[in-house]
file work-v4.cif (mmCIF, C-alpha atoms)
data_structure
#
loop_
_atom_site.label_atom_id
_atom_site.label_comp_id
_atom_site.auth_asym_id
_atom_site.auth_seq_id
_atom_site.Cartn_x
_atom_site.Cartn_y
_atom_site.Cartn_z
CA MET R 1 -23.99 12.92 19.75
CA HIS R 2 -26.77 11.11 21.58
CA ASN R 3 -24.86 9.77 24.59
CA PRO R 4 -26.22 11.64 27.67
CA SER R 5 -22.92 11.30 29.55
CA LEU R 6 -20.94 12.83 26.69
CA ILE R 7 -23.49 15.63 26.27
CA GLN R 8 -23.23 16.42 29.99
CA LEU R 9 -19.41 16.39 29.85
CA LYS R 10 -19.37 18.65 26.78
CA SER R 11 -21.71 21.10 28.49
CA LYS R 12 -19.47 21.28 31.56
CA VAL R 13 -16.24 21.62 29.59
CA SER R 14 -17.64 24.40 27.39
CA ASP R 15 -18.15 26.59 30.48
CA ILE R 16 -14.54 26.26 31.73
CA ASP R 17 -12.30 29.25 31.06
CA ARG R 18 -8.70 28.64 29.99
CA ALA R 19 -7.44 31.22 32.49
CA ARG R 20 -9.03 33.17 35.32
CA ALA R 21 -8.20 36.62 36.59
CA VAL R 22 -8.01 37.11 40.36
CA GLY R 23 -9.17 40.21 42.20
CA ARG R 24 -8.87 41.31 45.83
CA VAL R 25 -11.32 42.70 48.38
CA VAL R 26 -10.53 46.36 49.07
CA SER R 27 -13.54 47.36 51.22
CA THR R 28 -17.02 46.37 52.35
CA ASP R 29 -19.90 48.25 53.94
CA GLY R 30 -21.55 45.17 55.42
CA HIS R 31 -23.88 44.88 52.42
CA THR R 32 -21.77 45.13 49.26
CA ILE R 33 -18.11 44.35 48.62
CA CYS R 34 -15.65 46.44 46.58
CA VAL R 35 -13.17 44.42 44.53
CA SER R 36 -10.17 45.58 42.51
CA GLY R 37 -8.30 43.73 39.78
CA LEU R 38 -11.28 42.39 37.80
CA GLU R 39 -12.65 45.58 36.27
CA ASP R 40 -11.10 44.81 32.85
CA GLU R 41 -12.53 41.27 32.75
CA ALA R 42 -15.95 41.46 34.41
CA ARG R 43 -19.32 42.42 32.97
CA LEU R 44 -22.49 43.47 34.74
CA GLY R 45 -24.36 40.40 35.94
CA ASP R 46 -21.33 38.08 36.00
CA ARG R 47 -21.03 35.67 38.90
CA LEU R 48 -18.17 36.06 41.39
CA ARG R 49 -16.62 33.63 43.83
CA LEU R 50 -14.97 35.04 46.95
CA LEU R 51 -12.56 32.75 48.83
CA ARG R 52 -12.42 33.48 52.55
CA ASN R 53 -9.29 32.84 54.61
CA ASP R 54 -11.00 29.88 56.31
CA GLY R 55 -11.50 28.17 52.94
CA SER R 56 -15.25 28.86 52.65
CA ILE R 57 -16.74 30.37 49.50
CA LEU R 58 -19.15 33.29 49.14
CA MET R 59 -20.89 33.70 45.77
CA GLY R 60 -22.21 36.97 44.42
CA ASP R 61 -22.90 39.11 41.36
CA VAL R 62 -21.23 42.06 39.67
CA LEU R 63 -23.47 44.97 40.60
CA CYS R 64 -21.45 48.03 39.45
CA LEU R 65 -18.33 48.65 37.38
CA SER R 66 -15.88 51.57 37.44
CA GLY R 67 -12.31 52.27 36.44
CA ASP R 68 -11.18 51.62 40.02
CA GLY R 69 -12.89 48.27 40.47
CA LEU R 70 -16.27 46.66 40.80
CA THR R 71 -19.00 46.24 43.40
CA MET R 72 -20.09 42.74 44.35
CA LEU R 73 -23.55 42.01 45.70
CA PRO R 74 -23.10 38.76 47.70
CA ASP R 75 -25.69 35.99 47.97
CA ALA R 76 -25.47 36.16 51.77
CA LEU R 77 -24.36 38.68 54.37
CA PRO R 78 -20.63 39.38 53.88
CA GLN R 79 -19.49 37.98 57.20
CA ARG R 80 -15.89 36.95 57.95
CA ILE R 81 -14.65 38.98 54.99
CA ALA R 82 -11.06 40.22 55.17
CA LEU R 83 -9.19 42.76 53.07
CA ALA R 84 -7.25 41.14 50.22
CA ASP R 85 -9.48 38.04 50.16
CA ARG R 86 -9.32 36.57 46.66
CA VAL R 87 -12.23 37.02 44.25
CA MET R 88 -12.53 35.14 40.96
CA LEU R 89 -14.90 35.41 38.02
CA SER R 90 -17.30 32.52 37.50
CA GLY R 91 -18.65 33.90 34.21
CA ARG R 92 -22.20 34.45 33.07
CA PRO R 93 -24.95 32.50 34.90
CA LEU R 94 -25.97 30.39 31.90
CA ILE R 95 -28.57 27.63 31.99
CA HIS R 96 -28.56 24.42 29.95
CA PRO R 97 -32.24 23.43 29.67
CA ASP R 98 -33.24 19.97 28.60
CA PRO R 99 -36.57 18.08 28.34
CA SER R 100 -35.29 15.80 31.12
CA TRP R 101 -35.71 18.75 33.51
CA LEU R 102 -39.46 18.14 33.58
CA GLY R 103 -40.43 16.99 37.03
CA ARG R 104 -37.57 18.84 38.70
CA ILE R 105 -37.17 21.70 41.19
CA ILE R 106 -34.25 24.04 40.52
CA ASP R 107 -32.86 27.34 41.74
CA PRO R 108 -32.46 30.42 39.50
CA TYR R 109 -28.97 29.29 38.48
CA GLY R 110 -30.06 25.87 37.24
CA THR R 111 -28.89 23.97 40.32
CA PRO R 112 -31.22 21.17 41.49
CA LEU R 113 -32.99 21.69 44.81
CA ASP R 114 -34.51 18.23 45.07
CA GLY R 115 -31.26 16.41 45.84
CA LYS R 116 -31.02 14.57 42.51
CA PRO R 117 -28.52 15.12 39.68
CA LEU R 118 -29.62 17.36 36.83
CA VAL R 119 -28.50 16.52 33.29
CA PRO R 120 -27.65 19.72 31.37
CA GLY R 121 -28.71 20.12 27.77
CA PRO R 122 -26.23 20.65 24.92
CA VAL R 123 -26.94 24.39 24.49
CA ALA R 124 -26.08 27.13 26.99
CA LEU R 125 -28.60 29.98 27.17
CA GLU R 126 -28.48 33.44 28.70
CA ILE R 127 -31.46 34.15 30.93
CA GLU R 128 -31.85 37.55 29.26
CA ASN R 129 -33.68 37.39 25.94
CA GLU R 130 -35.56 39.67 23.58
CA PRO R 131 -39.32 39.25 23.00
CA PRO R 132 -40.31 38.01 19.53
CA PRO R 133 -40.91 40.88 17.07
CA ALA R 134 -44.53 42.00 17.28
CA VAL R 135 -45.19 41.59 13.53
CA SER R 136 -43.97 37.97 13.56
CA ARG R 137 -46.28 36.83 16.36
CA LYS R 138 -49.42 34.79 16.03
CA SER R 139 -52.77 35.96 17.35
CA LEU R 140 -54.20 34.67 20.62
CA GLY R 141 -55.31 31.04 20.34
CA GLU R 142 -58.33 29.05 21.43
CA ARG R 143 -60.17 29.48 24.72
CA LEU R 144 -58.78 27.32 27.52
CA ASP R 145 -60.84 25.37 30.04
CA THR R 146 -60.02 26.84 33.46
CA GLY R 147 -62.17 24.62 35.68
CA PHE R 148 -64.38 27.58 36.74
CA HIS R 149 -67.67 28.71 35.19
CA LEU R 150 -66.61 32.30 35.83
CA PHE R 151 -63.34 32.13 33.86
CA ASN R 152 -64.83 30.04 31.10
CA THR R 153 -67.44 32.74 30.42
CA MET R 154 -67.01 36.26 31.83
CA LEU R 155 -63.18 36.30 32.03
CA PRO R 156 -61.88 33.78 29.48
CA ILE R 157 -58.20 32.83 29.26
CA THR R 158 -56.98 31.96 25.78
CA ARG R 159 -53.83 30.24 24.58
CA GLY R 160 -51.00 32.78 24.56
CA GLN R 161 -52.80 35.29 26.76
CA ARG R 162 -51.03 37.11 29.60
CA VAL R 163 -53.21 37.59 32.67
CA GLY R 164 -52.54 39.24 36.01
CA ILE R 165 -54.19 38.22 39.28
CA PHE R 166 -54.23 41.25 41.60
CA ALA R 167 -54.99 40.85 45.29
CA GLY R 168 -54.06 41.90 48.77
CA SER R 169 -52.67 39.39 51.23
CA GLY R 170 -55.03 36.64 52.40
CA VAL R 171 -57.65 37.12 49.67
CA GLY R 172 -57.07 33.78 47.93
CA LYS R 173 -54.51 34.64 45.26
CA SER R 174 -52.27 31.60 45.77
CA THR R 175 -55.26 29.27 46.07
CA LEU R 176 -56.65 30.53 42.74
CA LEU R 177 -53.24 30.06 41.11
CA SER R 178 -53.17 26.50 42.43
CA ASP R 179 -56.61 25.70 40.99
CA LEU R 180 -55.79 27.20 37.59
CA MET R 181 -52.54 25.27 37.53
CA GLN R 182 -54.39 22.02 38.09
CA SER R 183 -57.19 22.76 35.58
CA ILE R 184 -55.61 24.37 32.51
CA GLU R 185 -54.10 21.87 30.10
CA ALA R 186 -50.68 22.55 28.57
CA ASP R 187 -47.69 20.58 27.29
CA VAL R 188 -45.37 22.08 29.91
CA VAL R 189 -45.95 24.00 33.15
CA ILE R 190 -43.27 26.37 34.43
CA LEU R 191 -43.76 27.70 37.97
CA ALA R 192 -41.61 30.51 39.38
CA LEU R 193 -41.84 30.97 43.14
CA VAL R 194 -40.20 34.33 43.82
CA GLY R 195 -39.41 35.21 47.42
CA GLU R 196 -41.82 32.61 48.80
CA ARG R 197 -41.64 31.03 52.22
CA GLY R 198 -40.00 27.60 52.25
CA ARG R 199 -43.27 26.06 53.43
CA GLU R 200 -45.09 27.48 50.38
CA ILE R 201 -42.51 25.99 48.03
CA ASN R 202 -43.08 22.54 49.50
CA ASN R 203 -46.84 23.05 49.43
CA PHE R 204 -46.89 23.92 45.71
CA THR R 205 -44.61 21.08 44.68
CA GLN R 206 -45.97 18.31 46.91
CA LYS R 207 -49.67 19.13 47.31
CA VAL R 208 -50.68 21.41 44.43
CA LEU R 209 -48.72 19.79 41.62
CA GLY R 210 -48.21 16.39 43.23
CA GLN R 211 -46.28 13.61 41.57
CA SER R 212 -48.56 13.46 38.53
CA GLY R 213 -48.57 17.23 37.92
CA LEU R 214 -44.85 17.60 38.52
CA LYS R 215 -44.08 15.18 35.67
CA HIS R 216 -44.94 17.91 33.15
CA ALA R 217 -43.62 20.85 35.19
CA ILE R 218 -40.43 22.60 36.20
CA VAL R 219 -40.39 24.60 39.43
CA VAL R 220 -37.91 27.47 39.75
CA ALA R 221 -37.70 28.62 43.36
CA ALA R 222 -35.91 31.43 45.18
CA SER R 223 -37.03 31.59 48.79
CA ALA R 224 -37.44 34.81 50.76
CA ASP R 225 -33.99 34.51 52.35
CA THR R 226 -32.07 34.50 49.04
CA SER R 227 -30.28 37.53 47.61
CA PRO R 228 -32.23 40.12 45.58
CA ASN R 229 -30.36 39.12 42.41
CA ALA R 230 -31.41 35.50 42.91
CA ARG R 231 -35.05 36.55 43.29
CA VAL R 232 -34.85 38.65 40.12
CA ARG R 233 -33.23 35.76 38.25
CA CYS R 234 -35.94 33.37 39.43
CA SER R 235 -38.49 35.03 37.14
CA MET R 236 -35.95 35.44 34.34
CA THR R 237 -34.88 31.80 34.45
CA ALA R 238 -38.48 30.61 34.47
CA MET R 239 -39.23 32.80 31.44
CA ARG R 240 -36.16 31.50 29.61
CA LEU R 241 -37.23 27.90 30.24
CA ALA R 242 -40.71 28.73 28.95
CA GLU R 243 -39.15 30.21 25.80
CA PHE R 244 -37.03 27.10 25.33
CA PHE R 245 -40.08 24.84 25.26
CA ARG R 246 -42.14 27.37 23.27
CA ASP R 247 -39.48 27.44 20.54
CA ALA R 248 -39.73 23.64 20.42
CA GLY R 249 -43.39 24.05 19.39
CA GLN R 250 -45.04 23.36 22.75
CA HIS R 251 -47.77 25.18 24.65
CA VAL R 252 -46.26 26.41 27.91
CA LEU R 253 -48.28 27.49 30.93
CA LEU R 254 -46.13 29.93 32.92
CA PHE R 255 -46.95 31.01 36.48
CA ILE R 256 -44.92 33.69 38.26
CA ASP R 257 -45.78 34.22 41.90
CA SER R 258 -45.28 37.06 42.31
CA ILE R 259 -44.31 39.98 40.05
CA THR R 260 -44.43 42.22 43.11
CA ARG R 261 -41.56 40.35 44.76
CA PHE R 262 -39.68 40.41 41.44
CA ALA R 263 -40.04 44.23 41.38
CA GLU R 264 -39.07 44.53 45.04
CA ALA R 265 -35.95 42.43 44.47
CA HIS R 266 -35.03 44.59 41.47
CA ARG R 267 -35.50 47.65 43.67
CA GLU R 268 -33.12 46.26 46.31
CA ALA R 269 -30.42 45.53 43.74
CA ALA R 270 -30.86 48.83 41.87
CA ILE R 271 -30.75 50.97 45.01
CA SER R 272 -27.63 49.10 46.15
CA ALA R 273 -26.12 50.08 42.79
CA GLY R 274 -26.93 53.75 43.44
CA ALA R 275 -30.27 54.19 41.61
CA PHE R 276 -32.61 56.84 42.98
CA PRO R 277 -36.01 55.54 44.22
CA SER R 278 -38.25 58.01 42.40
CA LEU R 279 -41.44 55.99 41.69
CA ARG R 280 -42.90 55.73 45.20
CA GLY R 281 -39.81 53.86 46.32
CA PHE R 282 -39.03 52.12 43.01
CA PRO R 283 -36.15 53.17 40.70
CA PRO R 284 -36.88 54.49 37.17
CA SER R 285 -35.71 51.20 35.61
CA THR R 286 -38.57 49.20 37.19
CA PRO R 287 -41.24 49.78 34.47
CA ALA R 288 -38.82 48.65 31.75
CA GLN R 289 -37.94 45.49 33.68
CA ILE R 290 -41.59 44.55 34.27
CA THR R 291 -42.67 45.38 30.72
CA LYS R 292 -39.90 43.38 29.08
CA LEU R 293 -40.55 40.35 31.27
CA ALA R 294 -44.27 40.41 30.42
CA GLU R 295 -43.63 40.96 26.70
CA ARG R 296 -41.48 37.82 26.50
CA ALA R 297 -44.60 35.74 27.21
CA GLY R 298 -47.53 35.43 24.83
CA PRO R 299 -48.00 33.89 21.38
CA GLY R 300 -44.81 32.78 19.66
CA ARG R 301 -43.70 33.22 16.09
CA PHE R 302 -45.47 31.29 13.36
CA GLY R 303 -44.26 27.71 13.52
CA THR R 304 -43.52 27.77 17.26
CA GLY R 305 -45.61 27.27 20.39
CA ASP R 306 -47.09 29.78 22.83
CA ILE R 307 -46.57 30.91 26.41
CA THR R 308 -49.77 31.47 28.39
CA GLY R 309 -48.61 33.63 31.29
CA ILE R 310 -50.41 34.05 34.60
CA PHE R 311 -48.75 36.54 36.93
CA SER R 312 -49.77 37.24 40.49
CA VAL R 313 -49.50 40.76 41.91
CA LEU R 314 -49.57 41.39 45.65
CA VAL R 315 -51.39 44.72 46.00
CA ALA R 316 -50.55 46.56 49.22
CA ALA R 317 -53.68 47.78 51.06
CA SER R 318 -55.74 46.77 47.96
CA ASP R 319 -54.51 49.95 46.22
CA MET R 320 -54.78 49.20 42.50
CA ASN R 321 -52.88 52.42 41.73
CA GLU R 322 -49.73 51.38 43.55
CA PRO R 323 -46.70 51.34 41.18
CA VAL R 324 -46.30 47.64 40.36
CA ALA R 325 -50.02 47.04 39.81
CA ASP R 326 -50.31 50.16 37.69
CA MET R 327 -47.28 49.24 35.55
CA LEU R 328 -48.39 45.69 34.92
CA ARG R 329 -52.05 46.37 34.24
CA GLY R 330 -51.17 48.37 31.16
CA VAL R 331 -49.10 45.66 29.45
CA LEU R 332 -51.17 42.53 30.08
CA ASP R 333 -54.02 41.02 28.07
CA GLY R 334 -56.32 40.93 31.07
CA HIS R 335 -56.44 41.42 34.80
CA VAL R 336 -58.39 39.68 37.55
CA ILE R 337 -59.07 41.74 40.67
CA LEU R 338 -59.79 39.87 43.89
CA ASP R 339 -62.02 41.74 46.35
CA ARG R 340 -61.45 41.35 50.09
CA ARG R 341 -65.14 42.01 50.86
CA LEU R 342 -66.19 39.08 48.69
CA ALA R 343 -63.57 36.87 50.34
CA GLU R 344 -64.83 37.85 53.80
CA ARG R 345 -68.35 36.74 52.93
CA GLY R 346 -67.06 33.34 51.80
CA GLN R 347 -67.01 33.69 48.02
CA PHE R 348 -64.11 31.96 46.30
CA PRO R 349 -62.66 32.97 43.98
CA ALA R 350 -63.40 36.47 45.26
CA VAL R 351 -63.37 38.08 41.80
CA SER R 352 -64.67 41.61 41.33
CA ILE R 353 -66.40 41.19 37.95
CA LEU R 354 -66.73 44.87 37.07
CA GLN R 355 -63.10 45.67 37.87
CA SER R 356 -61.73 42.62 36.04
CA VAL R 357 -61.14 42.51 32.29
CA SER R 358 -60.20 39.86 29.72
CA ARG R 359 -58.87 41.48 26.56
CA SER R 360 -59.44 38.24 24.67
CA LEU R 361 -63.10 39.28 24.42
CA PRO R 362 -65.12 39.62 22.26
CA GLU R 363 -63.03 37.45 19.89
CA ALA R 364 -62.86 34.54 22.37
CA ALA R 365 -66.66 34.07 22.32
CA ASN R 366 -69.36 33.90 19.64
CA ALA R 367 -72.25 36.35 19.28
CA VAL R 368 -74.64 34.39 21.53
CA GLU R 369 -72.00 33.98 24.24
CA ASN R 370 -71.05 37.67 24.11
CA ASP R 371 -74.73 38.57 24.52
CA LEU R 372 -74.95 36.41 27.67
CA ILE R 373 -71.79 38.05 29.06
CA ALA R 374 -73.15 41.57 28.34
CA ARG R 375 -76.49 40.82 30.00
CA ALA R 376 -74.77 39.44 33.10
CA ARG R 377 -72.44 42.43 33.37
CA ARG R 378 -75.36 44.87 33.09
CA LEU R 379 -77.19 43.17 35.96
CA VAL R 380 -74.05 43.06 38.12
CA SER R 381 -73.48 46.76 37.44
CA LYS R 382 -77.12 47.63 38.18
CA TYR R 383 -76.98 45.86 41.54
CA GLN R 384 -73.65 47.41 42.50
CA ASP R 385 -74.93 50.92 41.74
CA SER R 386 -77.85 50.41 44.14
CA SER R 387 -76.31 48.00 46.66
CA ALA R 388 -76.06 50.60 49.43
CA LEU R 389 -79.77 51.36 49.09
CA VAL R 390 -80.70 47.67 49.07
CA ASP R 391 -78.43 46.75 52.00
CA ALA R 392 -79.88 49.56 54.08
CA GLY R 393 -83.42 48.24 53.48
CA LEU R 394 -84.52 51.45 51.78
CA TYR R 395 -85.55 49.86 48.50
CA THR R 396 -89.09 48.57 48.01
CA SER R 397 -89.47 45.57 45.72
CA GLY R 398 -91.38 46.38 42.53
CA THR R 399 -90.23 50.00 42.31
CA ASP R 400 -87.63 49.25 39.62
CA PRO R 401 -88.22 46.03 37.62
CA GLU R 402 -84.62 46.05 36.32
CA LEU R 403 -83.24 46.38 39.85
CA ASP R 404 -85.50 43.54 40.99
CA LYS R 405 -83.86 41.34 38.36
CA ALA R 406 -80.40 42.51 39.45
CA ILE R 407 -81.13 41.66 43.11
CA ALA R 408 -82.34 38.19 42.18
CA PHE R 409 -79.36 37.72 39.85
CA ASP R 410 -76.83 38.71 42.55
CA ARG R 411 -77.83 35.78 44.77
CA ILE R 412 -77.75 33.30 41.88
CA PHE R 413 -74.58 34.72 40.33
CA SER R 414 -72.55 34.32 43.54
CA GLU R 415 -73.15 30.57 43.37
CA PHE R 416 -72.27 30.59 39.66
CA CYS R 417 -68.93 32.32 40.37
CA MET R 418 -67.94 29.65 42.87
CA SER R 419 -69.10 26.68 40.78
CA ARG R 420 -66.66 24.33 39.08
CA VAL R 421 -66.87 22.92 35.56
CA VAL R 422 -67.31 19.27 34.64
CA SER R 423 -67.38 19.26 30.84
CA GLY R 424 -65.97 22.53 29.51
CA SER R 425 -67.02 26.04 28.45
CA GLY R 426 -70.26 24.89 26.78
CA GLU R 427 -71.51 23.76 30.17
CA SER R 428 -70.40 27.09 31.69
CA PHE R 429 -72.35 29.22 29.19
CA GLU R 430 -75.43 27.05 29.67
CA ALA R 431 -75.13 27.60 33.42
CA LEU R 432 -74.88 31.36 32.84
CA ARG R 433 -77.96 31.28 30.58
CA LEU R 434 -79.94 29.46 33.28
CA CYS R 435 -78.89 32.08 35.85
CA LEU R 436 -80.25 34.82 33.61
CA LEU R 437 -83.48 32.88 33.01
CA ARG R 438 -84.08 32.32 36.72
CA CYS R 439 -83.90 36.05 37.49
CA GLY R 440 -85.83 37.18 34.43
CA GLY R 441 -82.78 38.62 32.75
CA MET R 442 -83.71 37.00 29.41
CA LYS R 443 -86.51 35.08 27.78
CA ASP R 444 -86.34 31.30 27.34
#
call {"tool": "encode", "arguments": {"input": "work-v4.cif", "output": "structure tokens"}}
result
Amino acid sequence: MHNPSLIQLKSKVSDIDRARAVGRVVSTDGHTICVSGLEDEARLGDRLRLLRNDGSILMGDVLCLSGDGLTMLPDALPQRIALADRVMLSGRPLIHPDPSWLGRIIDPYGTPLDGKPLVPGPVALEIENEPPPAVSRKSLGERLDTGFHLFNTMLPITRGQRVGIFAGSGVGKSTLLSDLMQSIEADVVILALVGERGREINNFTQKVLGQSGLKHAIVVAASADTSPNARVRCSMTAMRLAEFFRDAGQHVLLFIDSITRFAEAHREAAISAGAFPSLRGFPPSTPAQITKLAERAGPGRFGTGDITGIFSVLVAASDMNEPVADMLRGVLDGHVILDRRLAERGQFPAVSILQSVSRSLPEAANAVENDLIARARRLVSKYQDSSALVDAGLYTSGTDPELDKAIAFDRIFSEFCMSRVVSGSGESFEALRLCLLRCGGMKD
């Protein structure tokens, strides 16, 4: 069957139930709604449709189940709700991905947000999915050109790697994501905007991606005013789309901005369901949710493609030990820490080299390149250890030859970190070698 109209009709018909049970509203606390009559039919995560007396519809999700009924978490505030209002099951929130979705902006439920019709694919997929078995996965692939000397050398990103960008507010996290999105080449780009302002959604789609970039991308957006379940599903739907294209043999570049808002949305939903906030405000289920989401990205099975995942983490008060940052750092293949002090002095990207790690090294570089990286890190570390002494004017030049090199390297290296690439990683390593030569960090 190759007729798009027939495929679309088949997809719609397959989701129609032969009969639908009807429940009734029995109580509401102004946040959740208790419904009776559907407890034998509903499952956790099912969509519900509440019909108000005035004919309007309120959608929501099954949050809790008990023998007496179920709890509905609505997509909006439950206003104008009356006892005995009818509630019907809408089934599982399945998506029907299709290659024709490239260039489109959708919500977490697969509904178009750009005002144009969306052709569903022939197969319905749950947004929940298991990661590929560890033993069946490929190794990390080749080094990717990021557009920055810094990331091409000191903090490489390889095909199938999962990297976190950790930063406080206003330190340049979204700008760095935008630049990486424009520079890294992939077959498909999936962008999840979780809990973003409406202005940011338009900025990413119209200015960052643009018409040319959007042709190979799908944007999944759940703005800040959507329900917590919608914000959780935003990341899940984006990951499921990435898996769909990965299984078709393509290299997928997945951006989730941000994992912090994903975790906060999960917290809202879990606490509404009665979970106890034990991990500094987060319920015990949060680590499992974050870990599973991250594990679904990465290299695929042999014979399939890969998902290169870049996840942003909004770190409150730049505390790298706060729960979400701490959970995610342990499961990723690298983390990039943005430093507010560097941002304030005008360095972009404001990457703290010594705090940041790429676990693709040393395999992602050859012996000569790894030697250049090690030399640069030693000089950065030497300068940082003595920076207070130097800044206070208490160090006399010539006292420590190694520190003299580190001071000279710091000035040169700041320019290197901000420089962009023209012709790939070979150019970046040559630029790093010249930086070391200029400060005496190596012989010509």
call {"tool": "atom_distance", "arguments": {"input": "work-v4.cif", "atom1": "atom CA of R:Gly393", "atom2": "atom CA of R:Ile407"}}
result
12.5 Å
call {"tool": "resolve_selection", "arguments": {"input": "work-v4.cif", "expression": "the PyMOL selection byres ((chain R and resi 343-355) around 8)", "output": "JSON, numbers by chain"}}
result
{"R": [154, 171, 172, 176, 336, 337, 338, 339, 340, 341, 342, 356, 357, 377, 380, 381, 414, 417, 418]}
call {"tool": "resolve_selection", "arguments": {"input": "work-v4.cif", "expression": "the PyMOL selection byres ((chain R and resi 230-236) around 10)", "output": "PyMOL selection string"}}
result
chain R and resi 60-61+75+93+106-110+126-129+191-196+219-229+237-242+255-259+261-269+289+293+296
call {"tool": "closest_residue", "arguments": {"input": "work-v4.cif", "among": "R:Val252, R:Leu314, R:Ile184, R:Met327", "to": "R:Ala297", "atoms": "only C-alpha atoms"}}
result
R:Val252
call {"tool": "closest_residue", "arguments": {"input": "work-v4.cif", "among": "R:Phe311, R:Trp101, R:Phe276, R:Phe429", "to": "R:Phe151", "atoms": "only C-alpha atoms"}}
result
R:Phe429
call {"tool": "residues_around", "arguments": {"input": "work-v4.cif", "residues": "stretch 36-52 of chain R", "least_positions_apart": "2", "cutoff": "7 Å", "atoms": "all atoms listed in the file", "output": "ChimeraX atom specification"}}
result
/R:21-26,34,54-70,81,85-93
call {"tool": "atom_distance", "arguments": {"input": "work-v4.cif", "atom1": "atom CA of R:Ala217", "atom2": "atom CA of R:Ile310"}}
result
14.9 Å
call {"tool": "closest_residue", "arguments": {"input": "work-v4.cif", "among": "R:Leu332, R:Tyr383, R:Ala273, R:Ala392", "to": "R:Lys405", "atoms": "all atoms listed in the file"}}
result
R:Tyr383
call {"tool": "atom_distance", "arguments": {"input": "work-v4.cif", "atom1": "atom CA of R:Ala406", "atom2": "atom CA of R:Ser425"}}
result
23.9 Å
call {"tool": "residues_around", "arguments": {"input": "work-v4.cif", "residues": "R:Gly103", "least_positions_apart": "5", "cutoff": "10 Å", "atoms": "only C-alpha atoms", "output": "list in words"}}
result
Val189, Thr205, Leu209, Gly210, Gln211, Ser212, Gly213, Leu214, Lys215, His216, Ala217, Ile218 and Val219 of chain R
call {"tool": "resolve_selection", "arguments": {"input": "work-v4.cif", "expression": "the PyMOL selection byres ((chain R and resi 319) around 12)", "output": "compact mmCIF listing (two decimals) with C-alpha atoms, keeping the file's coordinate frame"}}
result
# COMPACT_ATOMS: atom_id res chain seq x y z
CA PHE R 166 -54.23 41.25 41.60
CA ALA R 167 -54.99 40.85 45.29
CA GLY R 168 -54.06 41.90 48.77
CA SER R 169 -52.67 39.39 51.23
CA VAL R 313 -49.50 40.76 41.91
CA LEU R 314 -49.57 41.39 45.65
CA VAL R 315 -51.39 44.72 46.00
CA ALA R 316 -50.55 46.56 49.22
CA ALA R 317 -53.68 47.78 51.06
CA SER R 318 -55.74 46.77 47.96
CA MET R 320 -54.78 49.20 42.50
CA ASN R 321 -52.88 52.42 41.73
CA GLU R 322 -49.73 51.38 43.55
CA PRO R 323 -46.70 51.34 41.18
CA VAL R 324 -46.30 47.64 40.36
CA ALA R 325 -50.02 47.04 39.81
CA ASP R 326 -50.31 50.16 37.69
CA ILE R 337 -59.07 41.74 40.67
CA LEU R 338 -59.79 39.87 43.89
CA ASP R 339 -62.02 41.74 46.35
CA ARG R 340 -61.45 41.35 50.09
call {"tool": "residues_near_point", "arguments": {"input": "work-v4.cif", "point": "(-74.6, 35.4, 25.2)", "cutoff": "12 Å", "atoms": "all atoms listed in the file", "output": "PyMOL selection string"}}
result
chain R and resi 153-154+362+365-377+426+428-436+441-442
call {"tool": "write_last_selection", "arguments": {"input": "work-v4.cif", "atoms": "C-alpha atoms", "output": "CSV table (one decimal), in the frame of the given file"}}
result
chain,number,residue,atom,x,y,z
R,153,THR,CA,-67.4,32.7,30.4
R,154,MET,CA,-67.0,36.3,31.8
R,362,PRO,CA,-65.1,39.6,22.3
R,365,ALA,CA,-66.7,34.1,22.3
R,366,ASN,CA,-69.4,33.9,19.6
R,367,ALA,CA,-72.2,36.4,19.3
R,368,VAL,CA,-74.6,34.4,21.5
R,369,GLU,CA,-72.0,34.0,24.2
R,370,ASN,CA,-71.0,37.7,24.1
R,371,ASP,CA,-74.7,38.6,24.5
R,372,LEU,CA,-75.0,36.4,27.7
R,373,ILE,CA,-71.8,38.0,29.1
R,374,ALA,CA,-73.2,41.6,28.3
R,375,ARG,CA,-76.5,40.8,30.0
R,376,ALA,CA,-74.8,39.4,33.1
R,377,ARG,CA,-72.4,42.4,33.4
R,426,GLY,CA,-70.3,24.9,26.8
R,428,SER,CA,-70.4,27.1,31.7
R,429,PHE,CA,-72.4,29.2,29.2
R,430,GLU,CA,-75.4,27.0,29.7
R,431,ALA,CA,-75.1,27.6,33.4
R,432,LEU,CA,-74.9,31.4,32.8
R,433,ARG,CA,-78.0,31.3,30.6
R,434,LEU,CA,-79.9,29.5,33.3
R,435,CYS,CA,-78.9,32.1,35.8
R,436,LEU,CA,-80.2,34.8,33.6
R,441,GLY,CA,-82.8,38.6,32.8
R,442,MET,CA,-83.7,37.0,29.4
call {"tool": "closest_residue", "arguments": {"input": "work-v4.cif", "among": "R:Lys292, R:His335, R:His251, R:Arg197", "to": "R:Thr308", "atoms": "only C-alpha atoms"}}
result
R:His251
call {"tool": "residues_near_point", "arguments": {"input": "work-v4.cif", "point": "(-47.1, 20.0, 24.6)", "cutoff": "8 Å", "atoms": "only C-alpha atoms", "output": "list in words"}}
result
Ala186, Asp187, Val188, Gly249, Gln250, His251 and Val252 of chain R
call {"tool": "closest_residue", "arguments": {"input": "work-v4.cif", "among": "R:Asp410, R:Pro78, R:Ile201, R:Asp145", "to": "R:Ser387", "atoms": "all atoms listed in the file"}}
result
R:Asp410
call {"tool": "closest_residue", "arguments": {"input": "work-v4.cif", "among": "R:Gly440, R:Gly334, R:Val390, R:Ala84", "to": "R:Val35", "atoms": "only C-alpha atoms"}}
result
R:Ala84
